[in-house]
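J.: Provided below: final_36.csv, containing CSV, N, CA and C atoms and all ligand atoms.
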```
chain,number,residue,atom,x,y,z
P,918,MET,N,0.8,-1.2,0.0
P,918,MET,CA,0.0,0.0,0.0
P,918,MET,C,0.9,1.3,0.0
P,919,GLN,N,1.8,1.3,1.0
P,919,GLN,CA,2.7,2.4,1.1
P,919,GLN,C,3.5,2.6,-0.2
P,920,VAL,N,4.0,1.4,-0.7
P,920,VAL,CA,4.8,1.5,-1.9
P,920,VAL,C,4.0,2.0,-3.1
P,921,LYS,N,2.8,1.4,-3.1
P,921,LYS,CA,1.9,1.8,-4.3
P,921,LYS,C,1.7,3.4,-4.3
P,922,LEU,N,1.5,3.9,-3.1
P,922,LEU,CA,1.2,5.3,-3.0
P,922,LEU,C,2.4,6.2,-3.5
P,923,VAL,N,3.6,5.7,-3.0
P,923,VAL,CA,4.8,6.5,-3.4
P,923,VAL,C,4.9,6.4,-4.9
P,924,ALA,N,4.7,5.2,-5.4
P,924,ALA,CA,4.8,5.0,-6.9
P,924,ALA,C,3.8,5.9,-7.6
P,925,ALA,N,2.6,6.0,-7.1
P,925,ALA,CA,1.6,6.8,-7.7
P,925,ALA,C,2.0,8.3,-7.6
P,926,LEU,N,2.5,8.7,-6.5
P,926,LEU,CA,2.9,10.1,-6.3
P,926,LEU,C,4.0,10.4,-7.3
P,927,ALA,N,5.0,9.5,-7.4
P,927,ALA,CA,6.1,9.7,-8.3
P,927,ALA,C,5.6,9.8,-9.7
P,928,ALA,N,4.7,8.9,-10.1
P,928,ALA,CA,4.1,9.0,-11.4
P,928,ALA,C,3.4,10.3,-11.7
P,929,THR,N,2.7,10.8,-10.7
P,929,THR,CA,2.0,12.1,-10.8
P,929,THR,C,3.0,13.2,-10.9
P,930,GLY,N,4.1,13.1,-10.1
P,930,GLY,CA,5.1,14.1,-10.1
P,930,GLY,C,5.7,14.2,-11.5
P,931,ILE,N,5.9,13.1,-12.1
P,931,ILE,CA,6.5,13.1,-13.5
P,931,ILE,C,5.5,13.8,-14.5
P,932,LEU,N,4.2,13.4,-14.3
P,932,LEU,CA,3.2,13.9,-15.2
P,932,LEU,C,3.1,15.5,-15.0
P,933,VAL,N,3.2,15.9,-13.7
P,933,VAL,CA,3.1,17.3,-13.5
P,933,VAL,C,4.3,18.0,-14.1
P,934,CYS,N,5.4,17.4,-14.0
P,934,CYS,CA,6.6,18.0,-14.6
P,934,CYS,C,6.5,18.1,-16.1
P,935,ALA,N,6.0,17.1,-16.7
P,935,ALA,CA,5.9,17.1,-18.2
P,935,ALA,C,4.9,18.2,-18.6
P,936,CYS,N,3.8,18.3,-17.8
P,936,CYS,CA,2.8,19.2,-18.1
P,936,CYS,C,3.3,20.7,-17.9
P,937,SER,N,4.0,20.9,-16.8
P,937,SER,CA,4.4,22.3,-16.6
P,937,SER,C,5.5,22.7,-17.7
P,938,ASP,N,6.2,21.7,-18.1
P,938,ASP,CA,7.1,22.0,-19.2
P,938,ASP,C,6.4,22.4,-20.5
P,939,LYS,N,5.3,21.7,-20.8
P,939,LYS,CA,4.5,22.1,-21.9
P,939,LYS,C,3.9,23.4,-21.7
P,940,ASP,N,3.4,23.7,-20.5
P,940,ASP,CA,2.8,25.0,-20.2
P,940,ASP,C,3.8,26.1,-20.4
P,941,ALA,N,5.1,25.8,-20.0
P,941,ALA,CA,6.1,26.9,-20.1
P,941,ALA,C,6.3,27.2,-21.6
P,942,GLN,N,6.3,26.1,-22.4
P,942,GLN,CA,6.5,26.3,-23.8
P,942,GLN,C,5.3,27.1,-24.4
P,943,ARG,N,4.1,26.7,-23.9
P,943,ARG,CA,3.0,27.4,-24.5
P,943,ARG,C,3.0,28.9,-24.1
P,944,ALA,N,3.4,29.1,-22.8
P,944,ALA,CA,3.5,30.5,-22.4
P,944,ALA,C,4.5,31.3,-23.2
P,945,GLN,N,5.6,30.6,-23.5
P,945,GLN,CA,6.6,31.3,-24.4
P,945,GLN,C,6.0,31.6,-25.8
P,946,ALA,N,5.2,30.6,-26.3
P,946,ALA,CA,4.6,30.8,-27.6
P,946,ALA,C,3.6,31.9,-27.5
P,947,ASP,N,2.9,32.0,-26.4
P,947,ASP,CA,1.9,33.1,-26.3
P,947,ASP,C,2.6,34.5,-26.2
P,948,ARG,N,3.7,34.5,-25.5
P,948,ARG,CA,4.5,35.7,-25.4
P,948,ARG,C,5.0,36.1,-26.8
P,949,ASN,N,5.4,35.1,-27.6
P,949,ASN,CA,5.9,35.4,-28.9
P,949,ASN,C,4.8,36.0,-29.8
P,950,ALA,N,3.6,35.4,-29.6
P,950,ALA,CA,2.5,35.8,-30.5
P,950,ALA,C,2.0,37.2,-30.1
P,951,ALA,N,2.1,37.5,-28.8
P,951,ALA,CA,1.6,38.8,-28.4
P,951,ALA,C,2.7,39.8,-28.5
P,952,GLY,N,2.7,40.6,-29.5
P,952,GLY,CA,3.6,41.7,-29.5
P,952,GLY,C,5.0,41.4,-30.2
P,953,PHE,N,5.7,40.4,-29.7
P,953,PHE,CA,7.0,40.2,-30.2
P,953,PHE,C,7.0,39.7,-31.6
P,954,VAL,N,7.6,40.3,-32.5
P,954,VAL,CA,7.6,39.9,-33.9
P,954,VAL,C,9.0,39.4,-34.2
P,955,PRO,N,9.1,38.1,-34.4
P,955,PRO,CA,10.5,37.6,-34.7
P,955,PRO,C,11.0,38.2,-36.0
P,956,PRO,N,12.3,38.5,-36.1
P,956,PRO,CA,12.8,39.2,-37.3
P,956,PRO,C,12.6,38.3,-38.5
P,957,SER,N,12.0,38.9,-39.6
P,957,SER,CA,11.8,38.1,-40.8
P,957,SER,C,12.8,38.5,-41.8
P,958,VAL,N,13.2,37.6,-42.6
P,958,VAL,CA,14.2,37.9,-43.7
P,958,VAL,C,13.6,37.5,-45.0
P,959,THR,N,13.6,38.5,-46.0
P,959,THR,CA,13.1,38.2,-47.3
P,959,THR,C,14.2,38.2,-48.3
P,960,SER,N,14.4,37.2,-49.0
P,960,SER,CA,15.4,37.2,-50.1
P,960,SER,C,14.8,37.9,-51.3
P,961,ARG,N,15.7,38.4,-52.2
P,961,ARG,CA,15.4,39.0,-53.4
P,961,ARG,C,14.5,38.1,-54.2
P,962,LEU,N,14.9,36.8,-54.2
P,962,LEU,CA,14.1,35.8,-55.0
P,962,LEU,C,12.7,35.7,-54.5
P,963,ASP,N,12.6,35.5,-53.2
P,963,ASP,CA,11.2,35.4,-52.6
P,963,ASP,C,10.4,36.6,-52.9
P,964,PHE,N,11.0,37.8,-52.7
P,964,PHE,CA,10.3,39.0,-52.9
P,964,PHE,C,9.8,39.1,-54.4
P,965,GLY,N,10.7,38.8,-55.3
P,965,GLY,CA,10.4,38.8,-56.7
P,965,GLY,C,9.2,37.9,-57.0
P,966,ALA,N,9.2,36.7,-56.4
P,966,ALA,CA,8.2,35.7,-56.6
P,966,ALA,C,6.9,36.2,-56.0
P,967,SER,N,6.9,36.8,-54.9
P,967,SER,CA,5.6,37.2,-54.3
P,967,SER,C,5.1,38.4,-55.1
P,968,MET,N,6.0,39.3,-55.6
P,968,MET,CA,5.5,40.4,-56.4
P,968,MET,C,5.0,39.9,-57.7
P,969,GLU,N,5.6,38.9,-58.2
P,969,GLU,CA,5.1,38.3,-59.5
P,969,GLU,C,3.6,37.8,-59.3
P,970,ARG,N,3.4,37.1,-58.1
P,970,ARG,CA,2.0,36.7,-57.8
P,970,ARG,C,1.1,37.9,-57.7
P,971,ARG,N,1.6,39.0,-57.1
P,971,ARG,CA,0.8,40.2,-56.9
P,971,ARG,C,0.4,40.7,-58.3
P,972,PHE,N,1.4,40.7,-59.2
P,972,PHE,CA,1.1,41.2,-60.6
P,972,PHE,C,0.0,40.4,-61.2
P,973,ARG,N,0.1,39.1,-61.1
P,973,ARG,CA,-0.9,38.2,-61.7
P,973,ARG,C,-2.3,38.4,-61.1
P,974,THR,N,-2.3,38.8,-59.8
P,974,THR,CA,-3.6,39.0,-59.2
P,974,THR,C,-4.2,40.4,-59.7
P,975,LEU,N,-3.3,41.4,-59.8
P,975,LEU,CA,-3.8,42.7,-60.3
P,975,LEU,C,-4.2,42.6,-61.7
P,976,ASP,N,-3.4,41.9,-62.5
P,976,ASP,CA,-3.7,41.8,-64.0
P,976,ASP,C,-4.9,40.9,-64.2
P,977,ARG,N,-6.1,41.4,-63.9
P,977,ARG,CA,-7.3,40.6,-63.9
P,977,ARG,C,-7.6,39.9,-65.3
P,978,ASN,N,-7.3,40.7,-66.4
P,978,ASN,CA,-7.6,40.1,-67.7
P,978,ASN,C,-6.5,39.3,-68.3
P,979,GLY,N,-5.4,39.2,-67.5
P,979,GLY,CA,-4.3,38.3,-67.9
P,979,GLY,C,-3.6,38.7,-69.2
P,980,ASP,N,-3.5,40.1,-69.5
P,980,ASP,CA,-2.8,40.5,-70.7
P,980,ASP,C,-1.4,40.9,-70.4
P,981,ASP,N,-0.8,40.6,-69.3
P,981,ASP,CA,0.5,41.0,-68.9
P,981,ASP,C,0.7,42.5,-68.8
P,982,ARG,N,-0.3,43.2,-68.6
P,982,ARG,CA,-0.2,44.6,-68.4
P,982,ARG,C,-1.2,45.0,-67.3
P,983,ILE,N,-0.8,45.9,-66.4
P,983,ILE,CA,-1.7,46.4,-65.4
P,983,ILE,C,-2.2,47.8,-65.9
P,984,THR,N,-3.4,47.9,-66.3
P,984,THR,CA,-4.0,49.1,-66.8
P,984,THR,C,-4.6,49.9,-65.6
P,985,LYS,N,-5.0,51.2,-65.8
P,985,LYS,CA,-5.5,52.0,-64.8
P,985,LYS,C,-6.7,51.4,-64.0
P,986,ASP,N,-7.6,50.7,-64.8
P,986,ASP,CA,-8.7,50.2,-64.2
P,986,ASP,C,-8.4,48.9,-63.3
P,987,GLU,N,-7.2,48.4,-63.5
P,987,GLU,CA,-6.8,47.2,-62.7
P,987,GLU,C,-6.1,47.6,-61.4
P,988,LEU,N,-5.7,48.8,-61.4
P,988,LEU,CA,-5.0,49.3,-60.1
P,988,LEU,C,-6.1,49.4,-59.0
P,989,PRO,N,-5.7,48.9,-57.9
P,989,PRO,CA,-6.7,48.9,-56.8
P,989,PRO,C,-7.1,50.4,-56.4
P,990,SER,N,-6.1,51.3,-56.3
P,990,SER,CA,-6.4,52.6,-55.9
P,990,SER,C,-5.2,53.4,-56.3
P,991,PRO,N,-5.3,54.8,-56.4
P,991,PRO,CA,-4.2,55.5,-56.8
P,991,PRO,C,-3.0,55.2,-55.9
P,992,ASN,N,-2.0,54.5,-56.4
P,992,ASN,CA,-0.9,54.1,-55.5
P,992,ASN,C,0.4,54.6,-56.1
P,993,ALA,N,0.9,55.6,-55.4
P,993,ALA,CA,2.1,56.3,-55.9
P,993,ALA,C,3.2,55.4,-56.3
P,994,ARG,N,3.4,54.4,-55.4
P,994,ARG,CA,4.6,53.5,-55.6
P,994,ARG,C,4.4,52.7,-56.9
P,995,ILE,N,3.2,52.1,-57.1
P,995,ILE,CA,2.9,51.4,-58.3
P,995,ILE,C,3.0,52.2,-59.5
P,996,LYS,N,2.4,53.5,-59.4
P,996,LYS,CA,2.5,54.4,-60.5
P,996,LYS,C,3.9,54.7,-61.0
P,997,ALA,N,4.8,54.8,-60.0
P,997,ALA,CA,6.2,55.1,-60.3
P,997,ALA,C,6.8,53.9,-61.1
P,998,PHE,N,6.3,52.7,-61.1
P,998,PHE,CA,6.8,51.6,-61.9
P,998,PHE,C,6.6,51.9,-63.4
P,999,ASP,N,5.6,52.7,-63.7
P,999,ASP,CA,5.3,53.0,-65.1
P,999,ASP,C,6.3,54.0,-65.6
P,1000,ARG,N,7.4,53.4,-66.1
P,1000,ARG,CA,8.5,54.3,-66.4
P,1000,ARG,C,8.3,55.2,-67.7
P,1001,ASN,N,7.6,54.6,-68.6
P,1001,ASN,CA,7.4,55.4,-69.8
P,1001,ASN,C,6.1,56.2,-69.7
P,1002,LYS,N,5.5,56.2,-68.6
P,1002,LYS,CA,4.3,57.1,-68.3
P,1002,LYS,C,3.2,56.9,-69.3
P,1003,ASP,N,2.9,55.7,-69.7
P,1003,ASP,CA,1.8,55.5,-70.7
P,1003,ASP,C,0.6,55.1,-69.9
P,1004,GLY,N,0.6,55.1,-68.6
P,1004,GLY,CA,-0.5,54.7,-67.8
P,1004,GLY,C,-0.7,53.2,-67.7
P,1005,ILE,N,0.2,52.4,-68.3
P,1005,ILE,CA,0.1,51.0,-68.3
P,1005,ILE,C,1.4,50.4,-67.7
P,1006,ILE,N,1.3,49.5,-66.7
P,1006,ILE,CA,2.5,48.9,-66.2
P,1006,ILE,C,2.6,47.5,-66.8
P,1007,THR,N,3.7,47.4,-67.6
P,1007,THR,CA,3.9,46.1,-68.2
P,1007,THR,C,4.6,45.1,-67.2
P,1008,ALA,N,4.7,43.8,-67.5
P,1008,ALA,CA,5.3,42.9,-66.6
P,1008,ALA,C,6.8,43.3,-66.4
P,1009,ILE,N,7.5,43.8,-67.4
P,1009,ILE,CA,8.9,44.2,-67.3
P,1009,ILE,C,9.0,45.4,-66.4
P,1010,GLU,N,8.1,46.4,-66.6
P,1010,GLU,CA,8.1,47.6,-65.7
P,1010,GLU,C,7.9,47.2,-64.3
P,1011,TRP,N,7.0,46.2,-64.1
P,1011,TRP,CA,6.6,45.8,-62.8
P,1011,TRP,C,7.8,45.1,-62.1
P,1012,SER,N,8.5,44.2,-62.8
P,1012,SER,CA,9.5,43.4,-62.1
P,1012,SER,C,10.7,44.3,-61.9
P,1013,GLU,N,11.0,45.2,-62.9
P,1013,GLU,CA,12.1,46.2,-62.6
P,1013,GLU,C,11.8,47.1,-61.5
P,1014,GLY,N,10.6,47.6,-61.4
P,1014,GLY,CA,10.1,48.5,-60.4
P,1014,GLY,C,10.2,47.9,-59.0
P,1015,THR,N,9.6,46.6,-58.9
P,1015,THR,CA,9.6,46.0,-57.6
P,1015,THR,C,11.0,45.6,-57.1
P,1016,LEU,N,11.9,45.2,-58.0
P,1016,LEU,CA,13.2,44.9,-57.6
P,1016,LEU,C,14.0,46.1,-57.2
P,1017,ALA,N,13.8,47.2,-57.9
P,1017,ALA,CA,14.4,48.5,-57.5
P,1017,ALA,C,14.0,48.9,-56.1
P,1018,TRP,N,12.7,48.6,-55.9
P,1018,TRP,CA,12.1,48.9,-54.6
P,1018,TRP,C,12.8,48.1,-53.5
P,1019,PHE,N,12.9,46.8,-53.8
P,1019,PHE,CA,13.6,45.9,-52.9
P,1019,PHE,C,15.0,46.3,-52.6
P,1020,ASP,N,15.7,46.7,-53.7
P,1020,ASP,CA,17.1,47.2,-53.5
P,1020,ASP,C,17.2,48.4,-52.6
P,1021,ARG,N,16.2,49.3,-52.7
P,1021,ARG,CA,16.2,50.5,-51.9
P,1021,ARG,C,16.0,50.1,-50.4
P,1022,MET,N,15.1,49.0,-50.2
P,1022,MET,CA,14.9,48.6,-48.8
P,1022,MET,C,16.1,47.8,-48.3
P,1023,ASP,N,16.9,47.2,-49.2
P,1023,ASP,CA,18.0,46.4,-48.7
P,1023,ASP,C,19.2,47.3,-48.4
P,1024,LEU,N,19.2,47.9,-47.2
P,1024,LEU,CA,20.1,48.9,-46.9
P,1024,LEU,C,21.5,48.5,-46.9
P,1025,ASN,N,21.8,47.3,-46.4
P,1025,ASN,CA,23.2,46.8,-46.4
P,1025,ASN,C,23.6,46.0,-47.7
P,1026,HIS,N,22.7,46.0,-48.6
P,1026,HIS,CA,22.9,45.4,-49.9
P,1026,HIS,C,23.5,44.0,-49.8
P,1027,ASP,N,22.9,43.1,-49.0
P,1027,ASP,CA,23.3,41.7,-48.9
P,1027,ASP,C,22.3,40.8,-49.6
P,1028,GLY,N,21.3,41.4,-50.3
P,1028,GLY,CA,20.4,40.6,-51.1
P,1028,GLY,C,19.2,40.1,-50.3
P,1029,THR,N,19.1,40.5,-49.0
P,1029,THR,CA,18.0,40.1,-48.2
P,1029,THR,C,17.5,41.4,-47.5
P,1030,VAL,N,16.2,41.4,-47.3
P,1030,VAL,CA,15.6,42.5,-46.5
P,1030,VAL,C,15.0,42.0,-45.2
P,1031,THR,N,15.6,42.5,-44.1
P,1031,THR,CA,15.1,42.1,-42.8
P,1031,THR,C,13.9,43.0,-42.4
P,1032,SER,N,13.2,42.5,-41.4
P,1032,SER,CA,12.1,43.4,-40.9
P,1032,SER,C,12.6,44.7,-40.4
P,1033,GLU,N,13.9,44.7,-39.9
P,1033,GLU,CA,14.4,46.0,-39.4
P,1033,GLU,C,14.6,46.9,-40.6
P,1034,GLU,N,15.2,46.4,-41.7
P,1034,GLU,CA,15.4,47.2,-42.9
P,1034,GLU,C,14.1,47.7,-43.5
P,1035,ARG,N,13.1,46.9,-43.4
P,1035,ARG,CA,11.8,47.2,-43.9
P,1035,ARG,C,11.3,48.4,-43.1
P,1036,ALA,N,11.4,48.3,-41.8
P,1036,ALA,CA,10.9,49.4,-40.9
P,1036,ALA,C,11.7,50.6,-41.1
P,1037,GLU,N,13.0,50.5,-41.3
P,1037,GLU,CA,13.9,51.6,-41.5
P,1037,GLU,C,13.5,52.4,-42.8
P,1038,SER,N,13.3,51.6,-43.8
P,1038,SER,CA,13.0,52.2,-45.1
P,1038,SER,C,11.6,52.9,-45.1
P,1039,ARG,N,10.7,52.3,-44.3
P,1039,ARG,CA,9.4,52.9,-44.2
P,1039,ARG,C,9.5,54.3,-43.6
P,1040,LYS,N,10.5,54.5,-42.7
P,1040,LYS,CA,10.6,55.8,-42.0
P,1040,LYS,C,11.2,56.9,-43.0
P,1041,ARG,N,11.9,56.4,-43.9
P,1041,ARG,CA,12.6,57.4,-44.8
P,1041,ARG,C,11.6,58.1,-45.8
P,1101,CA,CA,-4.0,43.7,-67.4
P,1102,CA,CA,4.4,51.7,-68.8
```
What would you get if you wrote out this structure as structure tokens?

T.:
Amino acid sequence: MQVKLVAALAATGILVCACSDKDAQRAQADRNAAGFVPPSVTSRLDFGASMERRFRTLDRNGDDRITKDELPSPNARIKAFDRNKDGIITAIEWSEGTLAWFDRMDLNHDGTVTSEERAESRKR
């Protein structure tokens, strides 16, 4: 009886230990989710790929050009991509424009943009 009780307590103790370990992990995850943003890094390639997808989304009629009516709202940054100012953003103008934008954000020119660089370039 005595031995059984001790064994049961020990087993419980281990369970409690495992549980509180999990709880600690969960608490850490909660802290991370609330407020703390882990630094993110975007490579030029990833950026280009996600901008390519954005282009495809904006180009509703799929003619490889974003015309005025396809622009969501007057967007100065997107308008600046229109280098020849014909009111149409071609796929080439888009990719050159978005990569130039990436390079402006890439303050230390290492081919990646961190969340810090993004925040810094937003201030400028
Ligand atoms: Ca189009
Ligand atoms: Ca153009």

J.: If you take all atoms listed in the file and a cut-off of 5 Å, which residues of chain P touch ligand CA 1101 (chain P), and what are their nearest atom pairs and distances in Å to one decimal, in chain and number order, as a tab-separated table?

T.:
```
residue	atom	partner	partner_atom	distance
P:Asp976	CA	P:CA1101	CA	3.9
P:Arg977	N	P:CA1101	CA	4.7
P:Asn978	N	P:CA1101	CA	4.6
P:Gly979	N	P:CA1101	CA	4.7
P:Asp980	N	P:CA1101	CA	4.2
P:Asp981	N	P:CA1101	CA	4.8
P:Arg982	C	P:CA1101	CA	3.1
P:Ile983	N	P:CA1101	CA	4.0
P:Thr984	N	P:CA1101	CA	4.4
```

J.: Include N, CA and C atoms and write out the residues we just selected as a short mmCIF file (atom, residue, chain, number, x, y, z; two decimals), keeping the file's coordinate frame.

T.:
```cif
data_model
loop_
_atom_site.label_atom_id
_atom_site.label_comp_id
_atom_site.auth_asym_id
_atom_site.auth_seq_id
_atom_site.Cartn_x
_atom_site.Cartn_y
_atom_site.Cartn_z
N ASP P 976 -3.40 41.90 -62.50
CA ASP P 976 -3.70 41.80 -64.00
C ASP P 976 -4.90 40.90 -64.20
N ARG P 977 -6.10 41.40 -63.90
CA ARG P 977 -7.30 40.60 -63.90
C ARG P 977 -7.60 39.90 -65.30
N ASN P 978 -7.30 40.70 -66.40
CA ASN P 978 -7.60 40.10 -67.70
C ASN P 978 -6.50 39.30 -68.30
N GLY P 979 -5.40 39.20 -67.50
CA GLY P 979 -4.30 38.30 -67.90
C GLY P 979 -3.60 38.70 -69.20
N ASP P 980 -3.50 40.10 -69.50
CA ASP P 980 -2.80 40.50 -70.70
C ASP P 980 -1.40 40.90 -70.40
N ASP P 981 -0.80 40.60 -69.30
CA ASP P 981 0.50 41.00 -68.90
C ASP P 981 0.70 42.50 -68.80
N ARG P 982 -0.30 43.20 -68.60
CA ARG P 982 -0.20 44.60 -68.40
C ARG P 982 -1.20 45.00 -67.30
N ILE P 983 -0.80 45.90 -66.40
CA ILE P 983 -1.70 46.40 -65.40
C ILE P 983 -2.20 47.80 -65.90
N THR P 984 -3.40 47.90 -66.30
CA THR P 984 -4.00 49.10 -66.80
C THR P 984 -4.60 49.90 -65.60
#
```

J.: Would you give me, as CSV, each residue of chain P having an atom within 12 Å of an atom of ligand CA 1102 (chain P), along with its shortest atom pair and that distance in Å to one decimal, using only C-alpha atoms and all ligand atoms and sorting by chain and residue number?

T.:
```
residue,atom,partner,partner_atom,distance
P:Asp981,CA,P:CA1102,CA,11.4
P:Arg982,CA,P:CA1102,CA,8.5
P:Ile983,CA,P:CA1102,CA,8.8
P:Thr984,CA,P:CA1102,CA,9.0
P:Lys985,CA,P:CA1102,CA,10.7
P:Ile995,CA,P:CA1102,CA,10.6
P:Lys996,CA,P:CA1102,CA,8.9
P:Ala997,CA,P:CA1102,CA,9.3
P:Phe998,CA,P:CA1102,CA,7.3
P:Asp999,CA,P:CA1102,CA,4.0
P:Arg1000,CA,P:CA1102,CA,5.4
P:Asn1001,CA,P:CA1102,CA,4.9
P:Lys1002,CA,P:CA1102,CA,5.4
P:Asp1003,CA,P:CA1102,CA,5.0
P:Gly1004,CA,P:CA1102,CA,5.8
P:Ile1005,CA,P:CA1102,CA,4.4
P:Ile1006,CA,P:CA1102,CA,4.3
P:Thr1007,CA,P:CA1102,CA,5.7
P:Ala1008,CA,P:CA1102,CA,9.1
P:Ile1009,CA,P:CA1102,CA,8.9
P:Glu1010,CA,P:CA1102,CA,6.3
P:Trp1011,CA,P:CA1102,CA,8.7
P:Ser1012,CA,P:CA1102,CA,11.8
P:Glu1013,CA,P:CA1102,CA,11.3
P:Gly1014,CA,P:CA1102,CA,10.6
```

J.: Just write the chosen residues, N, CA and C atoms, as a PDB file, keeping the file's coordinate frame.

T.:
```
ATOM      1  N   ASP P 981      -0.800  40.600 -69.300  1.00  0.00           N
ATOM      2  CA  ASP P 981       0.500  41.000 -68.900  1.00  0.00           C
ATOM      3  C   ASP P 981       0.700  42.500 -68.800  1.00  0.00           C
ATOM      4  N   ARG P 982      -0.300  43.200 -68.600  1.00  0.00           N
ATOM      5  CA  ARG P 982      -0.200  44.600 -68.400  1.00  0.00           C
ATOM      6  C   ARG P 982      -1.200  45.000 -67.300  1.00  0.00           C
ATOM      7  N   ILE P 983      -0.800  45.900 -66.400  1.00  0.00           N
ATOM      8  CA  ILE P 983      -1.700  46.400 -65.400  1.00  0.00           C
ATOM      9  C   ILE P 983      -2.200  47.800 -65.900  1.00  0.00           C
ATOM     10  N   THR P 984      -3.400  47.900 -66.300  1.00  0.00           N
ATOM     11  CA  THR P 984      -4.000  49.100 -66.800  1.00  0.00           C
ATOM     12  C   THR P 984      -4.600  49.900 -65.600  1.00  0.00           C
ATOM     13  N   LYS P 985      -5.000  51.200 -65.800  1.00  0.00           N
ATOM     14  CA  LYS P 985      -5.500  52.000 -64.800  1.00  0.00           C
ATOM     15  C   LYS P 985      -6.700  51.400 -64.000  1.00  0.00           C
ATOM     16  N   ILE P 995       3.200  52.100 -57.100  1.00  0.00           N
ATOM     17  CA  ILE P 995       2.900  51.400 -58.300  1.00  0.00           C
ATOM     18  C   ILE P 995       3.000  52.200 -59.500  1.00  0.00           C
ATOM     19  N   LYS P 996       2.400  53.500 -59.400  1.00  0.00           N
ATOM     20  CA  LYS P 996       2.500  54.400 -60.500  1.00  0.00           C
ATOM     21  C   LYS P 996       3.900  54.700 -61.000  1.00  0.00           C
ATOM     22  N   ALA P 997       4.800  54.800 -60.000  1.00  0.00           N
ATOM     23  CA  ALA P 997       6.200  55.100 -60.300  1.00  0.00           C
ATOM     24  C   ALA P 997       6.800  53.900 -61.100  1.00  0.00           C
ATOM     25  N   PHE P 998       6.300  52.700 -61.100  1.00  0.00           N
ATOM     26  CA  PHE P 998       6.800  51.600 -61.900  1.00  0.00           C
ATOM     27  C   PHE P 998       6.600  51.900 -63.400  1.00  0.00           C
ATOM     28  N   ASP P 999       5.600  52.700 -63.700  1.00  0.00           N
ATOM     29  CA  ASP P 999       5.300  53.000 -65.100  1.00  0.00           C
ATOM     30  C   ASP P 999       6.300  54.000 -65.600  1.00  0.00           C
ATOM     31  N   ARG P1000       7.400  53.400 -66.100  1.00  0.00           N
ATOM     32  CA  ARG P1000       8.500  54.300 -66.400  1.00  0.00           C
ATOM     33  C   ARG P1000       8.300  55.200 -67.700  1.00  0.00           C
ATOM     34  N   ASN P1001       7.600  54.600 -68.600  1.00  0.00           N
ATOM     35  CA  ASN P1001       7.400  55.400 -69.800  1.00  0.00           C
ATOM     36  C   ASN P1001       6.100  56.200 -69.700  1.00  0.00           C
ATOM     37  N   LYS P1002       5.500  56.200 -68.600  1.00  0.00           N
ATOM     38  CA  LYS P1002       4.300  57.100 -68.300  1.00  0.00           C
ATOM     39  C   LYS P1002       3.200  56.900 -69.300  1.00  0.00           C
ATOM     40  N   ASP P1003       2.900  55.700 -69.700  1.00  0.00           N
ATOM     41  CA  ASP P1003       1.800  55.500 -70.700  1.00  0.00           C
ATOM     42  C   ASP P1003       0.600  55.100 -69.900  1.00  0.00           C
ATOM     43  N   GLY P1004       0.600  55.100 -68.600  1.00  0.00           N
ATOM     44  CA  GLY P1004      -0.500  54.700 -67.800  1.00  0.00           C
ATOM     45  C   GLY P1004      -0.700  53.200 -67.700  1.00  0.00           C
ATOM     46  N   ILE P1005       0.200  52.400 -68.300  1.00  0.00           N
ATOM     47  CA  ILE P1005       0.100  51.000 -68.300  1.00  0.00           C
ATOM     48  C   ILE P1005       1.400  50.400 -67.700  1.00  0.00           C
ATOM     49  N   ILE P1006       1.300  49.500 -66.700  1.00  0.00           N
ATOM     50  CA  ILE P1006       2.500  48.900 -66.200  1.00  0.00           C
ATOM     51  C   ILE P1006       2.600  47.500 -66.800  1.00  0.00           C
ATOM     52  N   THR P1007       3.700  47.400 -67.600  1.00  0.00           N
ATOM     53  CA  THR P1007       3.900  46.100 -68.200  1.00  0.00           C
ATOM     54  C   THR P1007       4.600  45.100 -67.200  1.00  0.00           C
ATOM     55  N   ALA P1008       4.700  43.800 -67.500  1.00  0.00           N
ATOM     56  CA  ALA P1008       5.300  42.900 -66.600  1.00  0.00           C
ATOM     57  C   ALA P1008       6.800  43.300 -66.400  1.00  0.00           C
ATOM     58  N   ILE P1009       7.500  43.800 -67.400  1.00  0.00           N
ATOM     59  CA  ILE P1009       8.900  44.200 -67.300  1.00  0.00           C
ATOM     60  C   ILE P1009       9.000  45.400 -66.400  1.00  0.00           C
ATOM     61  N   GLU P1010       8.100  46.400 -66.600  1.00  0.00           N
ATOM     62  CA  GLU P1010       8.100  47.600 -65.700  1.00  0.00           C
ATOM     63  C   GLU P1010       7.900  47.200 -64.300  1.00  0.00           C
ATOM     64  N   TRP P1011       7.000  46.200 -64.100  1.00  0.00           N
ATOM     65  CA  TRP P1011       6.600  45.800 -62.800  1.00  0.00           C
ATOM     66  C   TRP P1011       7.800  45.100 -62.100  1.00  0.00           C
ATOM     67  N   SER P1012       8.500  44.200 -62.800  1.00  0.00           N
ATOM     68  CA  SER P1012       9.500  43.400 -62.100  1.00  0.00           C
ATOM     69  C   SER P1012      10.700  44.300 -61.900  1.00  0.00           C
ATOM     70  N   GLU P1013      11.000  45.200 -62.900  1.00  0.00           N
ATOM     71  CA  GLU P1013      12.100  46.200 -62.600  1.00  0.00           C
ATOM     72  C   GLU P1013      11.800  47.100 -61.500  1.00  0.00           C
ATOM     73  N   GLY P1014      10.600  47.600 -61.400  1.00  0.00           N
ATOM     74  CA  GLY P1014      10.100  48.500 -60.400  1.00  0.00           C
ATOM     75  C   GLY P1014      10.200  47.900 -59.000  1.00  0.00           C
TER      76      GLY P1014
END
```

J.: Between CA of Glu1034 in chain P and CA of Ala966 in chain P, what is the distance in Å, rounded to a tenth?

T.: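 Distance between the two atoms: 19.3 Å.
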
J.: Of the candidates P:Leu1024, P:Ala941, P:Leu988, P:Ala993, which shows the shortest atom-to-atom distance to Arg973 in chain P, using only C-alpha atoms?

T.: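 Looking only at the distances to Arg973 in chain P, the closest residue turns out to be P:Leu988.
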